[in-house]
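Remarks on the structure that follows.
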Amino acid sequence: MRGTAIVEHADKVQAALKSSDAARSALVASWQRSSQHRLDPTHRSPPERLTEAELSLARQRIEPLISAAQASLDRLYLAVGGVGCCVLLADRNGIPVERRGAVADDETFHDWGLWTGTVWSEESEGTNAIGTSLVEQRPLTIHRGQHFLSRNTALSCTTAPIYDHQGNVAAALDVSSCRADLTEGFVNLIALAVGDAARRIEADNFRLAFPRARIILTPEVERSPGGMIAVDADDLVIGATRQARLTYGITRERLERRLPVADIVGGSMRAAEDLDEAERAALHRALARADGNVSAAALKLGISRATLHRKLNRLGIRRAH
């Protein structure tokens, strides 16, 4: 970035900070936080980088999530890598711990700090997609001159936060580019791809956290993505994603009480409420597993064929022919 451009960018930032825009603009509010961290828009030193030992420790802290993210990182890179973008998975401190990128672009991206072990927190780098997304806990794009530091204004970065199985911010998924010809339309497509990939990572991580649970998918609410609820063999809720927690008011205290899923979600997802309904469900399952064979179903249930017939007649269950 030329000296004149650096001064112009710094002047623009300072003018915005002196105005009342911080109350109306999320971007200026982030610039204001950056200034409060005593950062200077003209600062030219390279970004802070962790040692190999520090990076290894950062990776260890979120190793399960890194494992869950592998397939989604690969798919996302296949979608955006061909147009000069790299993919970064950062921890909750804004430190990339996993990366996808073309070998031909490695030197350029390394120089820009788009690499594992570089610190992209808002406190360290000012307004940037990874750090600001983690602070504000929302997906966003920081495009070129929207960055606080002038040395980052050649970058266009799109990030979405990732929540762990307990509903806490655990990481951030980012797609970054140094290309000057990225159109607004293409940036919007990248944002959709990043958001979808972040939700897939959350879902895969949630399933890994509850490997023996039955997973219930909750419906989308007011354009928000559906959530996931983990229930045990007794249909008691043992886990919920952030979206499910927000939708149904599931708190840590409610999870500790191991409430029936019917008491939380209700409606069309209501579980069996009495013994007859529970028995009816068990008989339907047994018949389905026996392909409708009453004798085989009775054997699986540990009752006689005659007893099963009496139960079917009492509950009004008709076998499919």
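Scheme for the structure tokens: letters A, B, ... for chains in order shown; per-chain residue numbers from 1; ligand numbers from 1 in order shown.
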
All helix (DSSP H, G or I) positions in stretch 84-242 of chain A, as a PyMOL selection string: chain A and resi 103-112+122-125+129-136+144-146+150-152+184-209+242

What's the 6 Å shell around stretch 115-120 of chain A, counting only C-alpha atoms, without same-chain residues fewer than 4 positions away, as a PDB file with C-alpha atoms, in the first residue's frame?
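The resulting around19.pdb:
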ATOM      1  CA  GLU A  48       1.908 -11.585  15.591  1.00  0.00           C
ATOM      2  CA  ARG A  49       2.681 -15.278  15.097  1.00  0.00           C
ATOM      3  CA  LEU A  50       2.694 -18.096  17.628  1.00  0.00           C
ATOM      4  CA  LEU A  55       0.252 -23.447  17.933  1.00  0.00           C
ATOM      5  CA  GLY A  94      -8.709 -15.753  16.516  1.00  0.00           C
ATOM      6  CA  ILE A  95      -5.735 -18.022  15.810  1.00  0.00           C
ATOM      7  CA  PRO A  96      -5.995 -20.149  12.640  1.00  0.00           C
ATOM      8  CA  VAL A  97      -5.249 -23.760  13.545  1.00  0.00           C
ATOM      9  CA  HIS A 110       1.952 -16.439   4.378  1.00  0.00           C
ATOM     10  CA  GLU A 125      -5.227  -6.801  14.332  1.00  0.00           C
ATOM     11  CA  GLY A 131     -11.517 -11.231  15.159  1.00  0.00           C
TER      12      GLY A 131
END

Distance query stretch 302-318 of chain A at most 10 Å, only C-alpha atoms, self and fewer than 2 positions along chain excluded, as an mmCIF file with C-alpha atoms, in the first residue's frame:
data_model
loop_
_atom_site.group_PDB
_atom_site.id
_atom_site.type_symbol
_atom_site.label_atom_id
_atom_site.label_comp_id
_atom_site.auth_asym_id
_atom_site.auth_seq_id
_atom_site.Cartn_x
_atom_site.Cartn_y
_atom_site.Cartn_z
ATOM 1 C CA ASP A 276 -50.761 -47.023 26.253
ATOM 2 C CA GLU A 277 -49.029 -44.716 23.800
ATOM 3 C CA GLU A 279 -46.778 -49.578 24.434
ATOM 4 C CA ARG A 280 -48.330 -48.802 21.066
ATOM 5 C CA LEU A 283 -45.412 -52.752 19.296
ATOM 6 C CA HIS A 284 -45.178 -50.768 16.060
ATOM 7 C CA GLY A 292 -45.045 -57.575 10.030
ATOM 8 C CA VAL A 294 -46.457 -61.486 14.501
ATOM 9 C CA SER A 295 -44.634 -64.598 15.659
ATOM 10 C CA ALA A 296 -41.216 -63.014 15.068
ATOM 11 C CA ALA A 297 -42.318 -59.770 16.739
ATOM 12 C CA ALA A 298 -43.611 -61.667 19.774
ATOM 13 C CA LEU A 299 -40.294 -63.522 20.050
ATOM 14 C CA LYS A 300 -38.370 -60.227 19.971
ATOM 15 C CA ALA A 320 -50.007 -54.142 7.052
ATOM 16 C CA HIS A 321 -50.741 -56.928 4.543
#

One decimal, Å: what's the distance from atom CA of A:Phe210 over to atom CA of A:Ala197, could you say?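 Computing it gives 20.2 Å between the two atoms.
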
Closest atom pairs, stretch 2-119 of chain A residues within 8 Å of stretch 146-149 of chain A, only C-alpha atoms, as CSV:
residue,atom,partner,partner_atom,distance
A:Val13,CA,A:Phe148,CA,7.3
A:Leu27,CA,A:Gln146,CA,7.3
A:Trp31,CA,A:Phe148,CA,6.0
A:Ser34,CA,A:Phe148,CA,7.2
A:Asp40,CA,A:Leu149,CA,7.0
A:Pro41,CA,A:Leu149,CA,4.3
A:Thr42,CA,A:Leu149,CA,6.3
A:His43,CA,A:Leu149,CA,6.6

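Residue nearest A:Asp235 within the list A:Asp263, A:Arg254, A:Ala193, A:Pro211: A:Asp263 [criterion: smallest interatomic distance, only C-alpha atoms].
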